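File shown: data39.pdb. Contents: PDB, C-alpha atoms.
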ATOM      1  CA  PRO G   1      89.021 -10.944-126.456
ATOM      2  CA  HIS G   2      90.810 -10.192-129.648
ATOM      3  CA  PRO G   3      94.501  -9.108-129.208
ATOM      4  CA  PHE G   4      93.899  -5.977-131.265
ATOM      5  CA  ASN G   5      91.137  -4.860-128.867
ATOM      6  CA  ILE G   6      93.484  -5.336-125.894
ATOM      7  CA  GLU G   7      96.097  -3.108-127.568
ATOM      8  CA  LEU G   8      93.489  -0.417-128.252
ATOM      9  CA  THR G   9      92.387  -0.512-124.631
ATOM     10  CA  LEU G  10      95.958  -0.114-123.400
ATOM     11  CA  LEU G  11      96.558   2.808-125.758
ATOM     12  CA  SER G  12      93.292   4.589-125.040
ATOM     13  CA  PRO G  13      93.671   8.318-124.216
ATOM     14  CA  ARG G  14      92.512   7.675-120.669
ATOM     15  CA  ASN G  15      95.326   5.182-119.967
ATOM     16  CA  VAL G  16      97.909   7.378-121.708
ATOM     17  CA  ASP G  17      96.796  10.372-119.595
ATOM     18  CA  ILE G  18      97.029   8.355-116.378
ATOM     19  CA  ASP G  19     100.509   7.105-117.295
ATOM     20  CA  ALA G  20     101.671  10.598-118.229
ATOM     21  CA  GLN G  21     100.327  12.014-114.976
ATOM     22  CA  ARG G  22     102.002   9.220-112.994
ATOM     23  CA  GLU G  23     105.324   9.881-114.766
ATOM     24  CA  ALA G  24     105.042  13.630-114.153
ATOM     25  CA  THR G  25     104.353  13.064-110.458
ATOM     26  CA  HIS G  26     107.312  10.666-110.237
ATOM     27  CA  PHE G  27     109.557  13.246-111.936
ATOM     28  CA  LYS G  28     108.426  16.014-109.555
ATOM     29  CA  ASN G  29     109.109  13.687-106.629
ATOM     30  CA  ARG G  30     112.675  13.107-107.811
ATOM     31  CA  VAL G  31     113.218  16.860-108.276
ATOM     32  CA  LEU G  32     112.046  17.443-104.702
ATOM     33  CA  ASP G  33     114.511  14.786-103.529
ATOM     34  CA  LEU G  34     117.313  16.684-105.291
ATOM     35  CA  ILE G  35     116.196  19.970-103.732
ATOM     36  CA  ASP G  36     116.155  18.340-100.296
ATOM     37  CA  ILE G  37     119.724  17.070-100.779
ATOM     38  CA  PHE G  38     120.881  20.468-102.043
ATOM     39  CA  VAL G  39     119.365  22.366 -99.113
ATOM     40  CA  ARG G  40     120.804  19.877 -96.625
ATOM     41  CA  ARG G  41     124.323  19.978 -98.069
ATOM     42  CA  GLN G  42     124.482  23.670 -99.037
ATOM     43  CA  PRO G  43     122.614  25.542 -96.258
ATOM     44  CA  THR G  44     124.511  28.782 -96.920
ATOM     45  CA  SER G  45     123.837  28.905-100.655
ATOM     46  CA  PRO G  46     122.194  32.139-101.832
ATOM     47  CA  LEU G  47     120.044  30.026-104.176
ATOM     48  CA  ILE G  48     117.948  28.723-101.277
ATOM     49  CA  VAL G  49     116.034  32.010-101.136
ATOM     50  CA  ARG G  50     115.012  31.467-104.763
ATOM     51  CA  LEU G  51     113.659  27.995-103.937
ATOM     52  CA  VAL G  52     111.185  29.229-101.329
ATOM     53  CA  LEU G  53     108.477  30.654-103.610
ATOM     54  CA  PRO G  54     108.364  27.750-106.097
ATOM     55  CA  LEU G  55     108.033  25.304-103.192
ATOM     56  CA  VAL G  56     105.277  27.419-101.638
ATOM     57  CA  GLU G  57     103.484  27.600-104.993
ATOM     58  CA  LEU G  58     103.707  23.810-105.217
ATOM     59  CA  ILE G  59     102.056  23.483-101.803
ATOM     60  CA  VAL G  60      99.329  26.006-102.555
ATOM     61  CA  GLY G  61      98.679  24.797-106.110
ATOM     62  CA  THR G  62      98.575  21.014-105.760
ATOM     63  CA  GLY G  63      95.352  19.102-105.665
ATOM     64  CA  PRO G  64      94.394  16.175-103.451
ATOM     65  CA  ASP G  65      95.868  13.672-105.941
ATOM     66  CA  GLU G  66      99.357  15.171-105.439
ATOM     67  CA  LYS G  67      99.294  15.280-101.641
ATOM     68  CA  GLN G  68     102.599  13.404-101.438
ATOM     69  CA  LEU G  69     104.321  16.203-103.394
ATOM     70  CA  SER G  70     102.735  18.839-101.191
ATOM     71  CA  ASP G  71     103.822  17.006 -98.029
ATOM     72  CA  LYS G  72     107.390  16.637 -99.296
ATOM     73  CA  ALA G  73     107.609  20.325-100.237
ATOM     74  CA  THR G  74     106.163  21.269 -96.828
ATOM     75  CA  GLY G  75     108.812  19.112 -95.136
ATOM     76  CA  ILE G  76     111.608  20.826 -97.059
ATOM     77  CA  LEU G  77     110.293  24.284 -96.192
ATOM     78  CA  ARG G  78     109.593  23.575 -92.541
ATOM     79  CA  ASN G  79     112.382  21.188 -91.566
ATOM     80  CA  ARG G  80     115.250  22.117 -93.875
ATOM     81  CA  ILE G  81     114.816  25.786 -94.720
ATOM     82  CA  GLY G  82     112.669  27.024 -91.830
ATOM     83  CA  LYS G  83     114.906  25.471 -89.171
ATOM     84  CA  ALA G  84     118.245  26.208 -90.832
ATOM     85  CA  LYS G  85     120.957  27.167 -88.373
ATOM     86  CA  GLU G  86     123.273  28.533 -91.073
ATOM     87  CA  ILE G  87     122.205  31.178 -93.571
ATOM     88  CA  SER G  88     123.658  32.736 -96.674
ATOM     89  CA  THR G  89     125.688  35.903 -96.326
ATOM     90  CA  THR G  90     126.153  36.521-100.061
ATOM     91  CA  LEU G  91     122.604  36.742-101.310
ATOM     92  CA  SER G  92     120.756  39.559-102.990
ATOM     93  CA  ALA G  93     118.769  41.398-100.315
ATOM     94  CA  GLU G  94     116.424  42.609-103.038
ATOM     95  CA  ASP G  95     115.481  39.020-103.991
ATOM     96  CA  ALA G  96     114.928  38.085-100.368
ATOM     97  CA  GLN G  97     112.811  41.202 -99.794
ATOM     98  CA  LYS G  98     110.581  40.477-102.814
ATOM     99  CA  THR G  99     110.171  36.879-101.683
ATOM    100  CA  LEU G 100     109.247  37.999 -98.147
ATOM    101  CA  GLU G 101     106.629  40.392 -99.513
ATOM    102  CA  GLU G 102     105.159  37.640-101.726
ATOM    103  CA  LEU G 103     104.989  35.266 -98.754
ATOM    104  CA  HIS G 104     103.100  37.837 -96.695
ATOM    105  CA  LEU G 105     100.638  38.434 -99.541
ATOM    106  CA  LEU G 106     100.015  34.684 -99.736
ATOM    107  CA  ALA G 107      99.713  34.432 -95.939
ATOM    108  CA  ARG G 108      96.971  37.065 -95.900
ATOM    109  CA  LYS G 109      94.931  34.783 -98.185
ATOM    110  CA  ALA G 110      96.060  31.361 -96.872
ATOM    111  CA  SER G 111      93.399  28.712 -97.309
ATOM    112  CA  THR G 112      94.379  26.567 -94.295
ATOM    113  CA  THR G 113      96.206  27.035 -91.008
ATOM    114  CA  ASP G 114      98.704  24.383 -92.133
ATOM    115  CA  ILE G 115      99.704  26.512 -95.124
ATOM    116  CA  LEU G 116      99.817  29.614 -92.906
ATOM    117  CA  THR G 117     102.187  27.832 -90.510
ATOM    118  CA  THR G 118     104.497  26.922 -93.392
ATOM    119  CA  LEU G 119     104.394  30.481 -94.720
ATOM    120  CA  ASN G 120     105.174  31.762 -91.226
ATOM    121  CA  GLN G 121     108.279  29.591 -90.941
ATOM    122  CA  CYS G 122     109.489  30.681 -94.378
ATOM    123  CA  SER G 123     108.847  34.297 -93.440
ATOM    124  CA  LEU G 124     110.880  33.921 -90.252
ATOM    125  CA  TYR G 125     113.748  32.372 -92.218
ATOM    126  CA  LEU G 126     113.758  35.215 -94.756
ATOM    127  CA  SER G 127     113.522  37.760 -91.946
ATOM    128  CA  LYS G 128     116.591  36.222 -90.338
ATOM    129  CA  VAL G 129     118.455  36.373 -93.652
ATOM    130  CA  LEU G 130     117.475  39.997 -94.276
ATOM    131  CA  LEU G 131     118.213  41.116 -90.713
ATOM    132  CA  HIS G 132     121.611  39.445 -90.925
ATOM    133  CA  SER G 133     122.363  41.361 -94.130
ATOM    134  CA  GLY G 134     121.312  44.675 -92.549
ATOM    135  CA  ALA G 135     117.966  45.122 -94.322
ATOM    136  CA  SER G 136     115.873  45.472 -91.163
ATOM    137  CA  GLU G 137     113.752  48.303 -92.613
ATOM    138  CA  ALA G 138     112.369  45.991 -95.324
ATOM    139  CA  VAL G 139     111.455  43.329 -92.750
ATOM    140  CA  VAL G 140     109.742  45.809 -90.423
ATOM    141  CA  LYS G 141     107.834  47.382 -93.334
ATOM    142  CA  THR G 142     106.514  43.994 -94.481
ATOM    143  CA  TYR G 143     105.430  42.950 -90.987
ATOM    144  CA  ARG G 144     103.861  46.385 -90.437
ATOM    145  CA  GLU G 145     101.669  45.878 -93.513
ATOM    146  CA  SER G 146     100.658  42.401 -92.336
ATOM    147  CA  LEU G 147      99.845  43.698 -88.861
ATOM    148  CA  LEU G 148      97.633  46.382 -90.356
ATOM    149  CA  ASP G 149      95.960  43.792 -92.590
ATOM    150  CA  PHE G 150      95.267  41.525 -89.605
ATOM    151  CA  ALA G 151      93.838  44.336 -87.500
ATOM    152  CA  THR G 152      91.695  46.103 -90.085
ATOM    153  CA  ARG G 153      90.610  43.608 -92.736
ATOM    154  CA  LYS G 154      87.808  41.224 -91.826
ATOM    155  CA  SER G 155      88.756  38.572 -94.384
ATOM    156  CA  SER G 156      92.439  38.488 -93.355
ATOM    157  CA  LYS G 157      93.652  34.915 -92.842
ATOM    158  CA  LEU G 158      96.541  35.927 -90.588
ATOM    159  CA  ASN G 159      96.542  34.941 -86.948
ATOM    160  CA  THR G 160      98.318  36.273 -83.887
ATOM    161  CA  ALA G 161     100.994  33.554 -84.074
ATOM    162  CA  PHE G 162     102.207  35.021 -87.362
ATOM    163  CA  ILE G 163     103.200  38.292 -85.665
ATOM    164  CA  ASP G 164     103.935  36.761 -82.262
ATOM    165  CA  GLU G 165     106.617  34.391 -83.620
ATOM    166  CA  PHE G 166     108.375  37.302 -85.299
ATOM    167  CA  VAL G 167     108.370  39.291 -82.047
ATOM    168  CA  LYS G 168     109.776  36.320 -80.101
ATOM    169  CA  ARG G 169     112.514  35.448 -82.593
ATOM    170  CA  HIS G 170     113.578  38.939 -83.610
ATOM    171  CA  PRO G 171     112.808  41.242 -80.666
ATOM    172  CA  GLN G 172     115.201  43.998 -81.749
ATOM    173  CA  ALA G 173     113.531  44.358 -85.145
ATOM    174  CA  ALA G 174     110.084  43.921 -83.619
ATOM    175  CA  TRP G 175     110.783  46.822 -81.259
ATOM    176  CA  ASP G 176     110.360  49.089 -84.291
ATOM    177  CA  LEU G 177     106.757  47.839 -84.543
ATOM    178  CA  ARG G 178     105.772  48.980 -81.030
ATOM    179  CA  GLU G 179     103.943  52.124 -82.162
ATOM    180  CA  ASP G 180     102.249  50.205 -84.966
ATOM    181  CA  LEU G 181     101.045  47.579 -82.482
ATOM    182  CA  LEU G 182      99.483  50.265 -80.304
ATOM    183  CA  ALA G 183      97.923  51.979 -83.310
ATOM    184  CA  ALA G 184      96.567  48.646 -84.557
ATOM    185  CA  CYS G 185      94.730  48.194 -81.256
ATOM    186  CA  ALA G 186      92.982  51.519 -81.756
ATOM    187  CA  GLU G 187      92.171  50.831 -85.420
ATOM    188  CA  ALA G 188      91.136  47.198 -84.933
ATOM    189  CA  LEU G 189      88.113  45.975 -86.812
ATOM    190  CA  ASN G 190      86.354  44.593 -83.749
ATOM    191  CA  VAL G 191      86.875  43.843 -80.060
ATOM    192  CA  TYR G 192      88.140  40.314 -80.792
ATOM    193  CA  ARG G 193      90.921  41.555 -83.069
ATOM    194  CA  GLN G 194      91.663  44.353 -80.612
ATOM    195  CA  SER G 195      92.121  41.927 -77.732
ATOM    196  CA  GLN G 196      94.281  39.605 -79.804
TER
END
Will you turn the file into structure tokens for me?
Amino acid sequence: PHPFNIELTLLSPRNVDIDAQREATHFKNRVLDLIDIFVRRQPTSPLIVRLVLPLVELIVGTGPDEKQLSDKATGILRNRIGKAKEISTTLSAEDAQKTLEELHLLARKASTTDILTTLNQCSLYLSKVLLHSGASEAVVKTYRESLLDFATRKSSKLNTAFIDEFVKRHPQAAWDLREDLLAACAEALNVYRQSQ
């Protein structure tokens, strides 16, 4: 083949697009590595709350060709943030509350149980942060809405573990949901949801 034809083949839009996509994926991977290091070394930083939603959006929005990015973001959310022993005491409760509400909205529409599990762990982390800062009313209100969604909406993607984990980890806050739990049984969509 003629050398000029080889150069044209290498510079074809298809090859340039593949290289650009590969570079973008590599860059995103490095950014996730930096986020992982930051979360590991600064577990009490108030900025961690602001990282939750972008990482969740990365998980929900990636396609099958970026599975490695999705897996890495899931690992950060589940293993670093979701299991954090130390939490920030200087964060904006308003930011954490908005993030918790967004997570619950996403959980009600979660496409897979794997994503729902990740959202659950993030929700528990944010609940812990908010309860520690004295914003228990916001946490209870958000879980109340999710409980009602689970009991009364047929297309709800929530499962019993989503509420059950909250009750187990934060029993004092969950005690405020006792009347809502009883009311949800009466208002349940069907016998299956009622028994759950």
Could you write out as a PDB file with C-alpha atoms, in the coordinates of the input the residues that the PyMOL selection byres ((chain G and resi 78-80) around 7) matches in the shown file?
ATOM      1  CA  VAL G  39     119.365  22.366 -99.113  1.00  0.00           C
ATOM      2  CA  ARG G  40     120.804  19.877 -96.625  1.00  0.00           C
ATOM      3  CA  THR G  74     106.163  21.269 -96.828  1.00  0.00           C
ATOM      4  CA  GLY G  75     108.812  19.112 -95.136  1.00  0.00           C
ATOM      5  CA  ILE G  76     111.608  20.826 -97.059  1.00  0.00           C
ATOM      6  CA  LEU G  77     110.293  24.284 -96.192  1.00  0.00           C
ATOM      7  CA  ILE G  81     114.816  25.786 -94.720  1.00  0.00           C
ATOM      8  CA  GLY G  82     112.669  27.024 -91.830  1.00  0.00           C
ATOM      9  CA  LYS G  83     114.906  25.471 -89.171  1.00  0.00           C
ATOM     10  CA  ALA G  84     118.245  26.208 -90.832  1.00  0.00           C
ATOM     11  CA  THR G 118     104.497  26.922 -93.392  1.00  0.00           C
ATOM     12  CA  GLN G 121     108.279  29.591 -90.941  1.00  0.00           C
TER      13      GLN G 121
END
Considering all atoms listed in the file, return as a list in words whatever protein or nucleic-acid residues lie within 8 Å of G:Leu126, sequence-local ones (same chain, fewer than 2 positions apart) excluded. Val49, Ala96, Gln97, Thr99, Leu100, Cys122, Ser123, Leu124, Lys128, Val129 and Leu130 of chain G
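Residues selected in this file by the PyMOL selection byres ((chain G and resi 72) around 12) comprise Lys28, Asn29, Arg30, Val31, Leu32, Asp33, Leu34, Ile35, Asp36, Leu55, Val56, Leu58, Ile59, Thr62, Glu66, Lys67, Gln68, Leu69, Ser70, Asp71, Ala73, Thr74, Gly75, Ile76, Leu77, Arg78, Asn79 and Arg80 of chain G.
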May I have the residues from that selection written out with C-alpha atoms, as a PDB file, keeping the file's coordinate frame?
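Below is the file that was written, part_33.pdb:
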ATOM      1  CA  LYS G  28     108.426  16.014-109.555  1.00  0.00           C
ATOM      2  CA  ASN G  29     109.109  13.687-106.629  1.00  0.00           C
ATOM      3  CA  ARG G  30     112.675  13.107-107.811  1.00  0.00           C
ATOM      4  CA  VAL G  31     113.218  16.860-108.276  1.00  0.00           C
ATOM      5  CA  LEU G  32     112.046  17.443-104.702  1.00  0.00           C
ATOM      6  CA  ASP G  33     114.511  14.786-103.529  1.00  0.00           C
ATOM      7  CA  LEU G  34     117.313  16.684-105.291  1.00  0.00           C
ATOM      8  CA  ILE G  35     116.196  19.970-103.732  1.00  0.00           C
ATOM      9  CA  ASP G  36     116.155  18.340-100.296  1.00  0.00           C
ATOM     10  CA  LEU G  55     108.033  25.304-103.192  1.00  0.00           C
ATOM     11  CA  VAL G  56     105.277  27.419-101.638  1.00  0.00           C
ATOM     12  CA  LEU G  58     103.707  23.810-105.217  1.00  0.00           C
ATOM     13  CA  ILE G  59     102.056  23.483-101.803  1.00  0.00           C
ATOM     14  CA  THR G  62      98.575  21.014-105.760  1.00  0.00           C
ATOM     15  CA  GLU G  66      99.357  15.171-105.439  1.00  0.00           C
ATOM     16  CA  LYS G  67      99.294  15.280-101.641  1.00  0.00           C
ATOM     17  CA  GLN G  68     102.599  13.404-101.438  1.00  0.00           C
ATOM     18  CA  LEU G  69     104.321  16.203-103.394  1.00  0.00           C
ATOM     19  CA  SER G  70     102.735  18.839-101.191  1.00  0.00           C
ATOM     20  CA  ASP G  71     103.822  17.006 -98.029  1.00  0.00           C
ATOM     21  CA  ALA G  73     107.609  20.325-100.237  1.00  0.00           C
ATOM     22  CA  THR G  74     106.163  21.269 -96.828  1.00  0.00           C
ATOM     23  CA  GLY G  75     108.812  19.112 -95.136  1.00  0.00           C
ATOM     24  CA  ILE G  76     111.608  20.826 -97.059  1.00  0.00           C
ATOM     25  CA  LEU G  77     110.293  24.284 -96.192  1.00  0.00           C
ATOM     26  CA  ARG G  78     109.593  23.575 -92.541  1.00  0.00           C
ATOM     27  CA  ASN G  79     112.382  21.188 -91.566  1.00  0.00           C
ATOM     28  CA  ARG G  80     115.250  22.117 -93.875  1.00  0.00           C
TER      29      ARG G  80
END
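Note that the spacing between atom CA of G:Gly134 and atom CA of G:Pro171 amounts to 15.0 Å.
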Within 10 Å of G:Phe162, counting only C-alpha atoms, which residues qualify if same-chain residues fewer than 5 places away don't, as a ChimeraX atom specification? /G:104,107,116-117,119-121,123-124,143,146-147,150,167
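Of the residues listed (G:Gln42, G:Ser111, G:Asn190, G:Ser127), G:Ser127 shows the shortest atom-to-atom separation from G:Val140; distances use all atoms listed in the file.
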Can you tell me which residues surround G:Ala174 at a distance of at most 12 Å, considering only C-alpha atoms, apart from same-chain residues fewer than 4 positions away, and format the answer as an NGL selection string? :G and (127 or 131 or 136-137 or 139-144 or 147 or 163-170 or 178-181)
Selection file, C-alpha atoms, as an mmCIF file, keeping the file's coordinate frame:
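Here's the written file selection-v3.cif:
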data_model
loop_
_atom_site.group_PDB
_atom_site.id
_atom_site.type_symbol
_atom_site.label_atom_id
_atom_site.label_comp_id
_atom_site.auth_asym_id
_atom_site.auth_seq_id
_atom_site.Cartn_x
_atom_site.Cartn_y
_atom_site.Cartn_z
ATOM 1 C CA SER G 127 113.522 37.760 -91.946
ATOM 2 C CA LEU G 131 118.213 41.116 -90.713
ATOM 3 C CA SER G 136 115.873 45.472 -91.163
ATOM 4 C CA GLU G 137 113.752 48.303 -92.613
ATOM 5 C CA VAL G 139 111.455 43.329 -92.750
ATOM 6 C CA VAL G 140 109.742 45.809 -90.423
ATOM 7 C CA LYS G 141 107.834 47.382 -93.334
ATOM 8 C CA THR G 142 106.514 43.994 -94.481
ATOM 9 C CA TYR G 143 105.430 42.950 -90.987
ATOM 10 C CA ARG G 144 103.861 46.385 -90.437
ATOM 11 C CA LEU G 147 99.845 43.698 -88.861
ATOM 12 C CA ILE G 163 103.200 38.292 -85.665
ATOM 13 C CA ASP G 164 103.935 36.761 -82.262
ATOM 14 C CA GLU G 165 106.617 34.391 -83.620
ATOM 15 C CA PHE G 166 108.375 37.302 -85.299
ATOM 16 C CA VAL G 167 108.370 39.291 -82.047
ATOM 17 C CA LYS G 168 109.776 36.320 -80.101
ATOM 18 C CA ARG G 169 112.514 35.448 -82.593
ATOM 19 C CA HIS G 170 113.578 38.939 -83.610
ATOM 20 C CA ARG G 178 105.772 48.980 -81.030
ATOM 21 C CA GLU G 179 103.943 52.124 -82.162
ATOM 22 C CA ASP G 180 102.249 50.205 -84.966
ATOM 23 C CA LEU G 181 101.045 47.579 -82.482
#
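The set of protein, DNA and RNA residues with any counted atom at most 9 Å from (91.5, 40.1, -90.1) (all atoms listed in the file) reads G:Arg108, G:Leu148, G:Asp149, G:Phe150, G:Ala151, G:Thr152, G:Arg153, G:Lys154, G:Ser155, G:Ser156, G:Lys157, G:Leu158, G:Asn159, G:Ala188, G:Leu189, G:Arg193.
Our summary of the geometry notes that atom CA of G:Leu91 is positioned 8.0 Å from atom CA of G:Ser45.
Each of G:Asp17, G:Glu187, G:Glu145, G:Asp176 was compared to G:Leu105 using only C-alpha atoms, and G:Glu145 turns out to be the nearest.
Picture a line from atom CA of G:Val191 to atom CA of G:Gln172; it runs 28.4 Å.
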